[in-house]
>>> print(open('upload-v2.cif').read())   # mmCIF, C-alpha atoms and all ligand atoms
data_data
#
loop_
_atom_site.label_atom_id
_atom_site.label_comp_id
_atom_site.auth_asym_id
_atom_site.auth_seq_id
_atom_site.Cartn_x
_atom_site.Cartn_y
_atom_site.Cartn_z
CA MET A 9 -88.13 -91.17 88.11
CA GLY A 10 -90.13 -93.89 89.83
CA THR A 11 -87.39 -96.51 89.56
CA LEU A 12 -84.72 -94.35 91.17
CA ALA A 13 -85.27 -95.81 94.62
CA ALA A 14 -84.45 -99.30 93.34
CA LYS A 15 -81.08 -98.28 91.95
CA THR A 16 -77.81 -98.14 93.82
CA PHE A 17 -75.60 -95.04 93.95
CA ALA A 18 -73.05 -96.70 91.70
CA GLN A 19 -73.98 -94.42 88.84
CA SER A 20 -72.86 -90.94 89.75
CA GLU A 21 -74.88 -89.42 86.92
CA TRP A 22 -78.05 -90.52 88.58
CA HIS A 23 -76.82 -89.05 91.81
CA GLU A 24 -76.25 -85.74 90.12
CA THR A 25 -79.75 -85.76 88.63
CA ALA A 26 -81.33 -86.47 91.97
CA ARG A 27 -79.57 -83.50 93.58
CA ARG A 28 -82.01 -81.46 95.62
CA ALA A 29 -81.94 -77.83 96.56
CA PRO A 30 -82.13 -77.28 100.31
CA ALA A 31 -85.72 -76.57 101.26
CA PRO A 32 -86.16 -73.42 103.36
CA ARG A 33 -87.98 -74.19 106.57
CA CYS A 34 -89.37 -72.37 109.57
CA GLN A 35 -89.05 -68.97 107.93
CA ASP A 36 -92.55 -67.90 108.93
CA GLY A 37 -92.16 -68.46 112.67
CA ALA A 38 -89.01 -66.34 112.88
CA MET A 39 -90.96 -63.07 112.62
CA ALA A 40 -93.10 -63.43 115.72
CA ASP A 41 -90.44 -64.09 118.30
CA CYS A 42 -90.70 -60.85 120.24
CA THR A 43 -90.94 -61.63 123.94
CA HIS A 44 -91.34 -57.96 124.88
CA VAL A 45 -95.04 -57.84 124.06
CA ALA A 46 -95.51 -59.72 127.34
CA GLU A 47 -94.27 -56.57 129.12
CA ILE A 48 -96.96 -54.40 127.61
CA ARG A 49 -99.23 -52.84 130.19
CA ASP A 50 -102.58 -51.18 130.05
CA VAL A 51 -101.09 -47.71 130.03
CA THR A 52 -102.70 -44.32 130.03
CA PRO A 53 -101.07 -41.84 127.64
CA SER A 54 -99.14 -39.15 129.50
CA THR A 55 -100.80 -36.53 127.33
CA THR A 56 -103.13 -36.33 124.37
CA GLU A 57 -101.84 -32.91 123.41
CA GLY A 58 -98.79 -34.11 121.49
CA CYS A 59 -95.24 -35.17 122.19
CA GLU A 60 -94.74 -34.39 125.85
CA ASP A 61 -91.05 -33.61 125.38
CA CYS A 62 -91.68 -31.30 122.44
CA LEU A 63 -94.47 -29.57 124.35
CA ALA A 64 -92.04 -28.94 127.20
CA VAL A 65 -89.58 -27.11 124.99
CA GLY A 66 -91.91 -25.71 122.34
CA GLY A 67 -90.69 -28.09 119.66
CA ARG A 68 -92.55 -29.58 116.73
CA TRP A 69 -93.32 -33.18 115.90
CA VAL A 70 -94.53 -35.17 112.90
CA HIS A 71 -96.12 -38.32 114.28
CA LEU A 72 -96.72 -39.54 117.80
CA ARG A 73 -95.78 -42.82 119.48
CA GLU A 74 -96.93 -44.06 122.85
CA CYS A 75 -94.70 -46.14 125.11
CA LEU A 76 -96.60 -49.26 126.12
CA THR A 77 -94.60 -49.66 129.31
CA CYS A 78 -95.27 -46.30 130.93
CA GLY A 79 -97.54 -44.28 128.63
CA HIS A 80 -94.92 -41.75 127.58
CA VAL A 81 -95.99 -39.98 124.40
CA GLY A 82 -93.09 -39.06 122.15
CA CYS A 83 -92.49 -38.15 118.55
CA CYS A 84 -91.42 -40.47 115.74
CA ASP A 85 -88.13 -40.70 113.89
CA SER A 86 -89.45 -38.39 111.19
CA SER A 87 -89.61 -35.65 113.82
CA PRO A 88 -86.58 -33.46 114.52
CA ALA A 89 -86.10 -34.57 118.12
CA LYS A 90 -87.09 -38.25 117.82
CA HIS A 91 -88.35 -38.30 121.39
CA ALA A 92 -89.89 -41.79 121.15
CA SER A 93 -86.51 -43.29 120.28
CA ALA A 94 -84.85 -41.10 122.88
CA HIS A 95 -87.28 -42.44 125.45
CA TYR A 96 -86.31 -45.99 124.56
CA ALA A 97 -82.63 -45.10 124.73
CA THR A 98 -82.96 -43.75 128.26
CA THR A 99 -85.57 -46.11 129.72
CA GLU A 100 -85.20 -49.29 127.61
CA HIS A 101 -88.95 -49.57 127.43
CA PRO A 102 -89.08 -51.87 124.40
CA VAL A 103 -92.49 -51.53 122.78
CA ILE A 104 -94.36 -48.50 121.48
CA ARG A 105 -97.54 -48.15 119.52
CA SER A 106 -98.62 -45.61 117.01
CA PHE A 107 -100.56 -42.81 118.68
CA GLU A 108 -101.92 -41.63 115.35
CA PRO A 109 -105.69 -41.81 114.74
CA GLY A 110 -106.54 -44.79 112.57
CA GLU A 111 -103.16 -46.45 112.98
CA ASP A 112 -102.97 -49.68 114.89
CA TRP A 113 -99.49 -51.14 115.01
CA ARG A 114 -96.80 -51.70 117.59
CA TRP A 115 -93.06 -51.60 117.22
CA CYS A 116 -90.43 -53.35 119.30
CA TYR A 117 -87.17 -51.38 119.46
CA VAL A 118 -85.23 -54.42 120.62
CA ASP A 119 -86.33 -56.73 117.84
CA GLN A 120 -86.70 -53.93 115.31
CA GLU A 121 -89.98 -55.27 114.03
CA ILE A 122 -93.71 -54.77 114.05
CA VAL A 123 -95.14 -56.88 116.85
ZN ZN B 201 -89.27 -57.48 121.25
ZN ZN B 202 -90.86 -34.81 120.55
ZN ZN B 203 -91.82 -45.70 128.69
#
>>> encode(input="upload-v2.cif", output="structure tokens")
Amino acid sequence: MGTLAAKTFAQSEWHETARRAPAPRCQDGAMADCTHVAEIRDVTPSTTEGCEDCLAVGGRWVHLRECLTCGHVGCCDSSPAKHASAHYATTEHPVIRSFEPGEDWRWCYVDQEIV
């Protein structure tokens, strides 16, 4: 192996042996590219009672999500009305956080990833 550098490429067999698989690079950095976290504000939740849209119509929710642009509290995609996603669809506010006790994560709708 050590003498390979001294050889020419005249011998194609050596060339074949020295074939390298492409090395994956920069995979780690690709996950943290969300620019929307810069738009996050110090919001006050619109309500602590539950999903504000479900409360308005007497609906039910499963989990709660808080919009980090305006403080809208809506229900998750496991809930029948999916008010958090509906809020994004109408306002394009990109980032929500979990409003569940003990949960501490944020989700960007645009990038479709935890941010
Ligand atoms: Zn984003
Ligand atoms: Zn709801
Ligand atoms: Zn919002």
>>> residues_near_ligand(input="upload-v2.cif", ligand="ligand ZN 201 (chain B)", cutoff="8 Å", atoms="all atoms listed in the file", output="list in words")
Asp41, Cys42, Thr43, His44, Val45, Pro102, Val103, Cys116, Tyr117, Val118, Asp119, Gln120, Glu121 and Val123 of chain A
>>> closest_atom_pairs(input="upload-v2.cif", of="chain A", to="ligand ZN 203 (chain B)", cutoff="9 Å", atoms="all atoms listed in the file", output="tab-separated table")
residue	atom	partner	partner_atom	distance
A:Glu74	CA	B:ZN203	ZN	7.9
A:Cys75	CA	B:ZN203	ZN	4.6
A:Leu76	CA	B:ZN203	ZN	6.5
A:Thr77	CA	B:ZN203	ZN	4.9
A:Cys78	CA	B:ZN203	ZN	4.2
A:Gly79	CA	B:ZN203	ZN	5.9
A:His80	CA	B:ZN203	ZN	5.1
A:Val81	CA	B:ZN203	ZN	8.3
A:Ala92	CA	B:ZN203	ZN	8.7
A:His95	CA	B:ZN203	ZN	6.5
A:Tyr96	CA	B:ZN203	ZN	6.9
A:Thr99	CA	B:ZN203	ZN	6.3
A:Glu100	CA	B:ZN203	ZN	7.6
A:His101	CA	B:ZN203	ZN	5.0
A:Pro102	CA	B:ZN203	ZN	8.0
A:Val103	CA	B:ZN203	ZN	8.3
A:Ile104	CA	B:ZN203	ZN	8.1
>>> residues_near_ligand(input="upload-v2.cif", ligand="ligand ZN 202 (chain B)", cutoff="7 Å", atoms="only C-alpha atoms and all ligand atoms", output="tab-separated table (two decimals) with C-alpha atoms, in the frame of the given file")
chain	number	residue	atom	x	y	z
A	59	CYS	CA	-95.24	-35.17	122.19
A	60	GLU	CA	-94.74	-34.39	125.85
A	61	ASP	CA	-91.05	-33.61	125.38
A	62	CYS	CA	-91.68	-31.30	122.44
A	67	GLY	CA	-90.69	-28.09	119.66
A	68	ARG	CA	-92.55	-29.58	116.73
A	69	TRP	CA	-93.32	-33.18	115.90
A	82	GLY	CA	-93.09	-39.06	122.15
A	83	CYS	CA	-92.49	-38.15	118.55
A	87	SER	CA	-89.61	-35.65	113.82
A	89	ALA	CA	-86.10	-34.57	118.12
A	90	LYS	CA	-87.09	-38.25	117.82
A	91	HIS	CA	-88.35	-38.30	121.39
>>> closest_residue(input="upload-v2.cif", among="A:His71, A:Val65, A:Glu47, A:Arg105", to="Ile122 in chain A", atoms="only C-alpha atoms")
A:Arg105
>>> closest_residue(input="upload-v2.cif", among="A:Val70, A:Ala64, A:Ala46, A:Val51", to="Cys84 in chain A", atoms="all atoms listed in the file")
A:Val70
>>> atom_distance(input="upload-v2.cif", atom1="CA of Asp85 in chain A", atom2="CA of Pro109 in chain A")
17.6 Å
>>> atom_distance(input="upload-v2.cif", atom1="CA of Glu108 in chain A", atom2="CA of Arg73 in chain A")
7.5 Å
>>> atom_distance(input="upload-v2.cif", atom1="CA of Gly66 in chain A", atom2="CA of Pro88 in chain A")
12.2 Å
>>> closest_residue(input="upload-v2.cif", among="A:Leu72, A:Ile48, A:Gly58, A:Pro53", to="Phe107 in chain A", atoms="only C-alpha atoms")
A:Leu72
